[in-house]
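File shown: data_25.pdb. Contents: PDB, C-alpha atoms, pLDDT in the B column.
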```pdb
MODEL        1
ATOM      1  CA  MET A  28     -56.821  24.138 -28.486  1.00 47.00           C
ATOM      2  CA  LYS A  29     -55.594  20.660 -29.357  1.00 45.00           C
ATOM      3  CA  ASN A  30     -51.967  21.828 -29.280  1.00 48.00           C
ATOM      4  CA  ARG A  31     -52.546  23.491 -25.922  1.00 48.00           C
ATOM      5  CA  ASN A  32     -54.033  20.300 -24.475  1.00 50.00           C
ATOM      6  CA  SER A  33     -51.061  18.318 -25.745  1.00 51.00           C
ATOM      7  CA  LYS A  34     -48.661  20.687 -23.967  1.00 51.00           C
ATOM      8  CA  LEU A  35     -50.654  20.418 -20.772  1.00 47.00           C
ATOM      9  CA  TYR A  36     -50.586  16.624 -21.072  1.00 43.00           C
ATOM     10  CA  VAL A  37     -46.819  16.562 -21.523  1.00 43.00           C
ATOM     11  CA  LEU A  38     -46.347  18.934 -18.601  1.00 48.00           C
ATOM     12  CA  LEU A  39     -48.584  16.729 -16.457  1.00 45.00           C
ATOM     13  CA  LEU A  40     -46.548  13.634 -17.380  1.00 41.00           C
ATOM     14  CA  MET A  41     -43.277  15.419 -16.573  1.00 53.00           C
ATOM     15  CA  THR A  42     -44.639  16.517 -13.214  1.00 50.00           C
ATOM     16  CA  LEU A  43     -45.794  12.998 -12.383  1.00 47.00           C
ATOM     17  CA  PHE A  44     -42.455  11.513 -13.482  1.00 47.00           C
ATOM     18  CA  ALA A  45     -40.531  14.025 -11.371  1.00 51.00           C
ATOM     19  CA  GLY A  46     -42.675  13.142  -8.384  1.00 50.00           C
ATOM     20  CA  MET A  47     -42.144   9.436  -8.956  1.00 44.00           C
ATOM     21  CA  SER A  48     -38.367   9.937  -9.350  1.00 46.00           C
ATOM     22  CA  THR A  49     -38.174  11.914  -6.119  1.00 45.00           C
ATOM     23  CA  ALA A  50     -40.100   9.236  -4.268  1.00 46.00           C
ATOM     24  CA  LEU A  51     -38.014   6.502  -5.874  1.00 43.00           C
ATOM     25  CA  PHE A  52     -34.698   8.057  -4.884  1.00 44.00           C
ATOM     26  CA  ALA A  53     -36.026   8.808  -1.415  1.00 47.00           C
ATOM     27  CA  GLU A  54     -36.560   5.099  -0.914  1.00 56.00           C
ATOM     28  CA  GLN A  55     -32.993   4.248  -1.877  1.00 67.00           C
ATOM     29  CA  ARG A  56     -30.697   3.959   1.129  1.00 89.00           C
ATOM     30  CA  ILE A  57     -27.189   5.098   0.226  1.00 93.00           C
ATOM     31  CA  ALA A  58     -24.128   4.935   2.465  1.00 94.00           C
ATOM     32  CA  VAL A  59     -20.664   6.403   2.188  1.00 95.00           C
ATOM     33  CA  ILE A  60     -17.512   4.880   3.656  1.00 96.00           C
ATOM     34  CA  ASP A  61     -13.841   5.855   3.815  1.00 95.00           C
ATOM     35  CA  MET A  62     -12.296   2.516   2.873  1.00 95.00           C
ATOM     36  CA  GLU A  63      -8.725   3.705   3.393  1.00 95.00           C
ATOM     37  CA  LYS A  64      -9.491   4.757   6.975  1.00 96.00           C
ATOM     38  CA  VAL A  65     -11.290   1.471   7.649  1.00 97.00           C
ATOM     39  CA  PHE A  66      -8.364  -0.503   6.259  1.00 97.00           C
ATOM     40  CA  THR A  67      -5.853   1.467   8.333  1.00 95.00           C
ATOM     41  CA  GLU A  68      -7.853   1.113  11.548  1.00 94.00           C
ATOM     42  CA  TYR A  69      -8.531  -2.629  11.119  1.00 96.00           C
ATOM     43  CA  TYR A  70      -6.705  -4.457  13.900  1.00 95.00           C
ATOM     44  CA  LYS A  71      -5.501  -7.151  11.500  1.00 96.00           C
ATOM     45  CA  THR A  72      -3.943  -4.465   9.295  1.00 96.00           C
ATOM     46  CA  LYS A  73      -1.900  -3.242  12.242  1.00 94.00           C
ATOM     47  CA  ILE A  74      -0.746  -6.781  13.028  1.00 95.00           C
ATOM     48  CA  GLU A  75       0.275  -7.429   9.417  1.00 96.00           C
ATOM     49  CA  ASP A  76       2.013  -4.049   9.207  1.00 95.00           C
ATOM     50  CA  ALA A  77       4.092  -5.001  12.254  1.00 94.00           C
ATOM     51  CA  LYS A  78       5.026  -8.322  10.638  1.00 96.00           C
ATOM     52  CA  LEU A  79       6.049  -6.620   7.399  1.00 96.00           C
ATOM     53  CA  LYS A  80       8.115  -4.079   9.315  1.00 96.00           C
ATOM     54  CA  LYS A  81       9.902  -6.865  11.173  1.00 97.00           C
ATOM     55  CA  GLN A  82      10.582  -8.708   7.913  1.00 97.00           C
ATOM     56  CA  THR A  83      11.840  -5.495   6.326  1.00 97.00           C
ATOM     57  CA  ASP A  84      14.220  -4.935   9.245  1.00 97.00           C
ATOM     58  CA  VAL A  85      15.647  -8.450   8.762  1.00 98.00           C
ATOM     59  CA  PHE A  86      16.258  -7.733   5.082  1.00 97.00           C
ATOM     60  CA  LYS A  87      17.897  -4.404   5.923  1.00 97.00           C
ATOM     61  CA  GLN A  88      20.190  -6.030   8.469  1.00 98.00           C
ATOM     62  CA  TYR A  89      21.401  -8.597   5.934  1.00 97.00           C
ATOM     63  CA  LEU A  90      21.828  -5.873   3.322  1.00 97.00           C
ATOM     64  CA  THR A  91      24.012  -4.007   5.808  1.00 97.00           C
ATOM     65  CA  THR A  92      26.109  -7.173   6.209  1.00 98.00           C
ATOM     66  CA  LEU A  93      26.517  -7.411   2.438  1.00 98.00           C
ATOM     67  CA  ASN A  94      27.532  -3.758   2.181  1.00 98.00           C
ATOM     68  CA  ASP A  95      30.058  -4.168   4.986  1.00 98.00           C
ATOM     69  CA  ALA A  96      31.557  -7.135   3.133  1.00 98.00           C
ATOM     70  CA  ARG A  97      31.683  -5.094  -0.060  1.00 97.00           C
ATOM     71  CA  GLU A  98      33.470  -2.242   1.688  1.00 98.00           C
ATOM     72  CA  LYS A  99      36.098  -4.662   2.991  1.00 98.00           C
ATOM     73  CA  ILE A 100      36.643  -6.098  -0.506  1.00 97.00           C
ATOM     74  CA  GLN A 101      36.914  -2.606  -1.956  1.00 98.00           C
ATOM     75  CA  ILE A 102      39.571  -1.614   0.583  1.00 98.00           C
ATOM     76  CA  GLU A 103      41.550  -4.764  -0.208  1.00 97.00           C
ATOM     77  CA  TYR A 104      41.227  -4.093  -3.938  1.00 97.00           C
ATOM     78  CA  ILE A 105      42.506  -0.521  -3.593  1.00 97.00           C
ATOM     79  CA  GLU A 106      45.477  -1.709  -1.519  1.00 97.00           C
ATOM     80  CA  LEU A 107      46.394  -4.346  -4.125  1.00 96.00           C
ATOM     81  CA  ARG A 108      45.915  -1.922  -7.024  1.00 96.00           C
ATOM     82  CA  ASP A 109      48.130   0.684  -5.394  1.00 97.00           C
ATOM     83  CA  ALA A 110      50.748  -1.940  -4.555  1.00 96.00           C
ATOM     84  CA  SER A 111      50.816  -3.054  -8.199  1.00 96.00           C
ATOM     85  CA  GLN A 112      51.875   0.496  -9.102  1.00 95.00           C
ATOM     86  CA  ASN A 113      54.441   0.933  -6.328  1.00 95.00           C
ATOM     87  CA  ILE A 114      57.902   1.262  -7.895  1.00 95.00           C
ATOM     88  CA  ALA A 115      59.487   0.422  -4.547  1.00 94.00           C
ATOM     89  CA  LEU A 116      58.469  -3.193  -5.207  1.00 94.00           C
ATOM     90  CA  SER A 117      60.165  -5.478  -7.679  1.00 95.00           C
ATOM     91  CA  ASP A 118      58.661  -6.103 -11.096  1.00 95.00           C
ATOM     92  CA  ALA A 119      57.700  -9.630 -10.064  1.00 96.00           C
ATOM     93  CA  GLU A 120      56.045  -8.407  -6.867  1.00 96.00           C
ATOM     94  CA  ARG A 121      54.144  -5.670  -8.718  1.00 96.00           C
ATOM     95  CA  GLU A 122      52.938  -8.222 -11.263  1.00 96.00           C
ATOM     96  CA  LYS A 123      51.762 -10.489  -8.478  1.00 97.00           C
ATOM     97  CA  LYS A 124      49.850  -7.604  -6.894  1.00 96.00           C
ATOM     98  CA  ARG A 125      48.352  -6.688 -10.276  1.00 96.00           C
ATOM     99  CA  VAL A 126      46.985 -10.208 -10.773  1.00 97.00           C
ATOM    100  CA  GLU A 127      45.644 -10.275  -7.218  1.00 97.00           C
ATOM    101  CA  SER A 128      44.034  -6.845  -7.694  1.00 97.00           C
ATOM    102  CA  LEU A 129      42.245  -8.092 -10.827  1.00 97.00           C
ATOM    103  CA  ASP A 130      40.909 -11.084  -8.910  1.00 97.00           C
ATOM    104  CA  LYS A 131      39.820  -8.786  -6.102  1.00 97.00           C
ATOM    105  CA  TYR A 132      38.142  -6.458  -8.605  1.00 97.00           C
ATOM    106  CA  ARG A 133      36.154  -9.355 -10.039  1.00 98.00           C
ATOM    107  CA  GLU A 134      35.176 -10.285  -6.485  1.00 98.00           C
ATOM    108  CA  LEU A 135      34.039  -6.702  -5.930  1.00 97.00           C
ATOM    109  CA  GLN A 136      31.914  -6.795  -9.086  1.00 98.00           C
ATOM    110  CA  ALA A 137      30.363 -10.093  -8.005  1.00 98.00           C
ATOM    111  CA  LYS A 138      29.512  -8.592  -4.622  1.00 98.00           C
ATOM    112  CA  ASP A 139      27.903  -5.573  -6.326  1.00 98.00           C
ATOM    113  CA  THR A 140      25.776  -7.912  -8.431  1.00 98.00           C
ATOM    114  CA  GLU A 141      24.797  -9.918  -5.344  1.00 98.00           C
ATOM    115  CA  ILE A 142      23.741  -6.767  -3.486  1.00 98.00           C
ATOM    116  CA  GLN A 143      21.760  -5.461  -6.445  1.00 98.00           C
ATOM    117  CA  GLN A 144      19.943  -8.758  -6.975  1.00 98.00           C
ATOM    118  CA  TYR A 145      19.229  -9.209  -3.276  1.00 98.00           C
ATOM    119  CA  ASN A 146      17.868  -5.678  -2.985  1.00 97.00           C
ATOM    120  CA  GLN A 147      15.622  -6.103  -6.039  1.00 97.00           C
ATOM    121  CA  GLN A 148      14.354  -9.530  -4.967  1.00 98.00           C
ATOM    122  CA  LYS A 149      13.442  -8.373  -1.476  1.00 97.00           C
ATOM    123  CA  ARG A 150      11.776  -5.199  -2.714  1.00 97.00           C
ATOM    124  CA  THR A 151       9.651  -7.269  -5.098  1.00 98.00           C
ATOM    125  CA  PHE A 152       8.829  -9.734  -2.321  1.00 97.00           C
ATOM    126  CA  LEU A 153       7.697  -6.964   0.050  1.00 97.00           C
ATOM    127  CA  VAL A 154       5.533  -5.294  -2.619  1.00 97.00           C
ATOM    128  CA  ASP A 155       3.910  -8.606  -3.571  1.00 97.00           C
ATOM    129  CA  GLU A 156       3.405  -9.557   0.070  1.00 97.00           C
ATOM    130  CA  TYR A 157       1.811  -6.206   0.846  1.00 96.00           C
ATOM    131  CA  GLU A 158      -0.572  -6.527  -2.105  1.00 96.00           C
ATOM    132  CA  ARG A 159      -1.471 -10.089  -1.085  1.00 97.00           C
ATOM    133  CA  ILE A 160      -2.207  -8.994   2.491  1.00 96.00           C
ATOM    134  CA  ARG A 161      -4.124  -5.893   1.386  1.00 96.00           C
ATOM    135  CA  LYS A 162      -6.284  -7.937  -0.971  1.00 96.00           C
ATOM    136  CA  GLY A 163      -7.128 -10.443   1.753  1.00 97.00           C
ATOM    137  CA  LEU A 164      -7.929  -7.839   4.410  1.00 97.00           C
ATOM    138  CA  THR A 165      -9.931  -5.720   1.988  1.00 96.00           C
ATOM    139  CA  GLY A 166     -11.956  -8.815   1.160  1.00 97.00           C
ATOM    140  CA  GLU A 167     -12.720  -9.357   4.855  1.00 97.00           C
ATOM    141  CA  ILE A 168     -13.759  -5.727   5.270  1.00 97.00           C
ATOM    142  CA  THR A 169     -15.942  -5.871   2.167  1.00 97.00           C
ATOM    143  CA  THR A 170     -17.715  -8.942   3.549  1.00 97.00           C
ATOM    144  CA  VAL A 171     -18.623  -6.979   6.703  1.00 97.00           C
ATOM    145  CA  ILE A 172     -19.856  -4.037   4.622  1.00 97.00           C
ATOM    146  CA  LEU A 173     -22.006  -6.281   2.441  1.00 96.00           C
ATOM    147  CA  SER A 174     -23.509  -7.883   5.526  1.00 96.00           C
ATOM    148  CA  LYS A 175     -24.388  -4.474   6.974  1.00 96.00           C
ATOM    149  CA  ALA A 176     -25.800  -3.301   3.644  1.00 95.00           C
ATOM    150  CA  LYS A 177     -28.099  -6.324   3.483  1.00 95.00           C
ATOM    151  CA  ARG A 178     -29.173  -6.021   7.127  1.00 94.00           C
ATOM    152  CA  GLU A 179     -29.966  -2.321   6.856  1.00 94.00           C
ATOM    153  CA  ASP A 180     -31.212  -2.390   3.263  1.00 93.00           C
ATOM    154  CA  TYR A 181     -28.559  -0.143   1.707  1.00 94.00           C
ATOM    155  CA  ARG A 182     -28.897  -0.163  -2.063  1.00 93.00           C
ATOM    156  CA  LEU A 183     -25.581   1.572  -2.699  1.00 94.00           C
ATOM    157  CA  VAL A 184     -22.332   2.016  -0.723  1.00 95.00           C
ATOM    158  CA  LEU A 185     -19.793   4.508  -2.078  1.00 93.00           C
ATOM    159  CA  ASP A 186     -16.091   4.807  -1.206  1.00 92.00           C
ATOM    160  CA  SER A 187     -15.162   8.393  -0.296  1.00 92.00           C
ATOM    161  CA  SER A 188     -11.406   7.779   0.002  1.00 91.00           C
ATOM    162  CA  GLY A 189     -10.550   7.690  -3.702  1.00 82.00           C
ATOM    163  CA  ASN A 190      -9.980  10.408  -6.271  1.00 82.00           C
ATOM    164  CA  THR A 191     -10.952  10.565  -9.924  1.00 81.00           C
ATOM    165  CA  MET A 192      -8.463  10.582 -12.817  1.00 82.00           C
ATOM    166  CA  ASN A 193      -8.534  14.383 -12.512  1.00 83.00           C
ATOM    167  CA  ASN A 194      -7.246  13.989  -8.943  1.00 84.00           C
ATOM    168  CA  ILE A 195     -10.388  15.371  -7.342  1.00 84.00           C
ATOM    169  CA  PRO A 196     -12.581  13.599  -4.769  1.00 85.00           C
ATOM    170  CA  ALA A 197     -14.850  11.015  -6.358  1.00 84.00           C
ATOM    171  CA  ILE A 198     -17.617  12.201  -4.028  1.00 86.00           C
ATOM    172  CA  VAL A 199     -17.706  15.990  -3.840  1.00 85.00           C
ATOM    173  CA  TYR A 200     -20.286  16.165  -1.061  1.00 87.00           C
ATOM    174  CA  PHE A 201     -22.437  13.901   1.055  1.00 89.00           C
ATOM    175  CA  ASP A 202     -24.534  14.276   4.155  1.00 91.00           C
ATOM    176  CA  PRO A 203     -22.446  13.205   7.196  1.00 93.00           C
ATOM    177  CA  SER A 204     -25.365  11.063   8.338  1.00 92.00           C
ATOM    178  CA  MET A 205     -24.671   8.793   5.362  1.00 94.00           C
ATOM    179  CA  ASP A 206     -21.133   7.995   6.568  1.00 95.00           C
ATOM    180  CA  ILE A 207     -20.843   4.489   8.053  1.00 96.00           C
ATOM    181  CA  THR A 208     -17.034   4.488   8.380  1.00 97.00           C
ATOM    182  CA  ASP A 209     -16.895   4.505  12.180  1.00 96.00           C
ATOM    183  CA  GLN A 210     -19.657   1.917  12.396  1.00 96.00           C
ATOM    184  CA  ILE A 211     -17.719  -0.500  10.179  1.00 97.00           C
ATOM    185  CA  ILE A 212     -14.473   0.114  12.089  1.00 97.00           C
ATOM    186  CA  LYS A 213     -16.271  -0.715  15.315  1.00 95.00           C
ATOM    187  CA  GLU A 214     -17.758  -3.859  13.804  1.00 95.00           C
ATOM    188  CA  ILE A 215     -14.535  -5.256  12.297  1.00 96.00           C
ATOM    189  CA  ASN A 216     -12.633  -4.616  15.531  1.00 95.00           C
ATOM    190  CA  LEU A 217     -15.346  -5.997  17.788  1.00 92.00           C
ATOM    191  CA  GLY A 218     -13.685  -7.970  20.579  1.00 88.00           C
ATOM    192  CA  ASN A 219     -10.211  -6.853  19.475  1.00 84.00           C
ATOM    193  CA  GLU A 220     -10.259  -3.195  20.479  1.00 72.00           C
ATOM    194  CA  ALA A 221      -7.384  -3.673  22.932  1.00 74.00           C
ATOM    195  CA  THR A 222      -5.255  -5.324  20.267  1.00 72.00           C
ATOM    196  CA  ALA A 223      -5.959  -2.517  17.807  1.00 66.00           C
ATOM    197  CA  ALA A 224      -5.047   0.126  20.392  1.00 69.00           C
ATOM    198  CA  ALA A 225      -1.849  -1.681  21.425  1.00 68.00           C
ATOM    199  CA  MET A 226      -0.711  -2.161  17.836  1.00 67.00           C
ATOM    200  CA  ALA A 227      -1.473   1.469  17.013  1.00 65.00           C
ATOM    201  CA  GLU A 228       0.638   2.628  19.965  1.00 67.00           C
ATOM    202  CA  ALA A 229       3.486   0.299  19.022  1.00 65.00           C
ATOM    203  CA  ASN A 230       3.462   1.530  15.419  1.00 61.00           C
ATOM    204  CA  SER A 231       3.458   5.184  16.525  1.00 63.00           C
ATOM    205  CA  ASP A 232       6.493   4.546  18.750  1.00 62.00           C
ATOM    206  CA  ASN A 233       8.378   3.080  15.800  1.00 60.00           C
TER     207      ASN A 233
ENDMDL
END
```

In structure tokens, write the structure found in this file.
Amino acid sequence: MKNRNSKLYVLLLMTLFAGMSTALFAEQRIAVIDMEKVFTEYYKTKIEDAKLKKQTDVFKQYLTTLNDAREKIQIEYIELRDASQNIALSDAEREKKRVESLDKYRELQAKDTEIQQYNQQKRTFLVDEYERIRKGLTGEITTVILSKAKREDYRLVLDSSGNTMNNIPAIVYFDPSMDITDQIIKEINLGNEATAAAMAEANSDN
């Protein structure tokens, strides 16, 4: 009898705990947000993307200038090299062309190094600039989310845009009513909807 009462007591405790847990979790307000979508739709993101694209175009234009210069040097080098091997020229003239071709070859190598360094430097600059901008804008977005969470008493806000290390969604399922993505997009773009729309159209044209 004593053993039976103990089992009933444990079962009663488990039932009460389950009821308390259900009530506890029911009180917790949880929201889900697609941070990548919010970041993309933020009007400031579109403005910064346009700036980065413009800067990238400037770098590409200069790189084209460098490559054009290299092509010219290469043509001159080939002409001098071939002339240094032309038996129709005198020995002295061929020697002169050989020396000039070596100088031109060194110039070609220097131009290759310049192009490689310029390309690497600008790629690094653009990556660092993008990360700097992304960090700043993400911080602004997070501030808005935190404000909303405090106002509406959310205890937890989860990002639905990321995947796990197994490359599966971090959140397998959630009730659509928990999604505050569109609400945050509306809030961060408040008063700048026209700018966001114009920048989006401009980016789609490009």

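Using all atoms listed in the file, the shortest contact distance between A:Tyr89 and any of A:Arg121, A:Lys64, A:Leu129, A:Tyr145 is found at A:Tyr145.
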
For stretch 179-197 of chain A, I'd like the enclosing box, axis-aligned and padded by 8 Å on every side, reported as JSON with centre and edge lengths in Å to one decimal.
```
{"center_x": -19.2, "center_y": 6.5, "center_z": -3.0, "size_x": 40.0, "size_y": 33.8, "size_z": 35.7}
```

Review point. The PyMOL selection byres ((chain A and resi 102-114) around 10) on the file shown: which residues, as JSON, numbers by chain?
Key: {"A": [97, 98, 99, 100, 101, 115, 116, 117, 118, 119, 120, 121, 122, 123, 124, 125, 126, 127, 128, 129, 130, 131, 132, 133, 134, 135]}

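The shortest atom-to-atom distance to A:Asp155, with only C-alpha atoms taken into account, belongs to A:Leu79 out of A:Lys71, A:Leu79, A:Ala58, A:Pro203.
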
Review point. Looking at A:Val65, A:Ile211, A:Ile74, A:Ile142, which one is nearest to A:Ala176, with distances taken over all atoms listed in the file?
Key: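 Using all atoms listed in the file, A:Ala176 sits closest to A:Ile211.
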
Exercise for review: Figure out the distance between atom CA of A:Asp95 and atom CA of A:Lys78, please, to one decimal in Å.
Suggested key: 26.0 Å

Practice item. Quote the spacing between atom CA of A:Lys87 and atom CA of A:Ala137 in Å to one decimal place. Key: 19.5 Å

Evaluated on this file, the PyMOL selection byres ((chain A and resi 60) around 7) picks out some residues - which ones are they, written as a PDB file with C-alpha atoms, in the frame of the given file?
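So result.pdb came out as:
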```
ATOM      1  CA  ALA A  58     -24.128   4.935   2.465  1.00 94.00           C
ATOM      2  CA  VAL A  59     -20.664   6.403   2.188  1.00 95.00           C
ATOM      3  CA  ASP A  61     -13.841   5.855   3.815  1.00 95.00           C
ATOM      4  CA  MET A  62     -12.296   2.516   2.873  1.00 95.00           C
ATOM      5  CA  LEU A 185     -19.793   4.508  -2.078  1.00 93.00           C
ATOM      6  CA  ASP A 186     -16.091   4.807  -1.206  1.00 92.00           C
ATOM      7  CA  SER A 187     -15.162   8.393  -0.296  1.00 92.00           C
ATOM      8  CA  ASP A 206     -21.133   7.995   6.568  1.00 95.00           C
ATOM      9  CA  ILE A 207     -20.843   4.489   8.053  1.00 96.00           C
ATOM     10  CA  THR A 208     -17.034   4.488   8.380  1.00 97.00           C
TER      11      THR A 208
END
```

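Atom CA of A:Gln147 is positioned 25.5 Å from atom CA of A:Lys73.
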
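For the set A:Ala96, A:Val199, A:Val154, A:Met192, the residue with the smallest atom-to-atom gap to A:Thr83 is A:Val154, counting only C-alpha atoms.
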
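By chain and then residue number, the residues within 9 Å of A:Leu153 are Leu79, Gln82, Thr83, Gln148, Lys149, Arg150, Glu156, Tyr157 and Glu158 of chain A, counting only C-alpha atoms and disregarding those fewer than 3 positions away in sequence.
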
Review point. Looking at all atoms listed in the file, which of A:Ile212, A:Ala221, A:Leu90, A:Ile57 is the one that sits closest to A:Gln143?
Key: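 Of A:Ile212, A:Ala221, A:Leu90, A:Ile57, the one nearest A:Gln143, counting all atoms listed in the file, is A:Leu90.
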
Exercise for review: Apply the PyMOL selection byres ((chain A and resi 69) around 12) to the file shown and report the selected residues as a PyMOL selection string.
Suggested key: chain A and resi 62-68+70-76+161+164-165+167-168+171+208-209+211-217+219-224+226-227
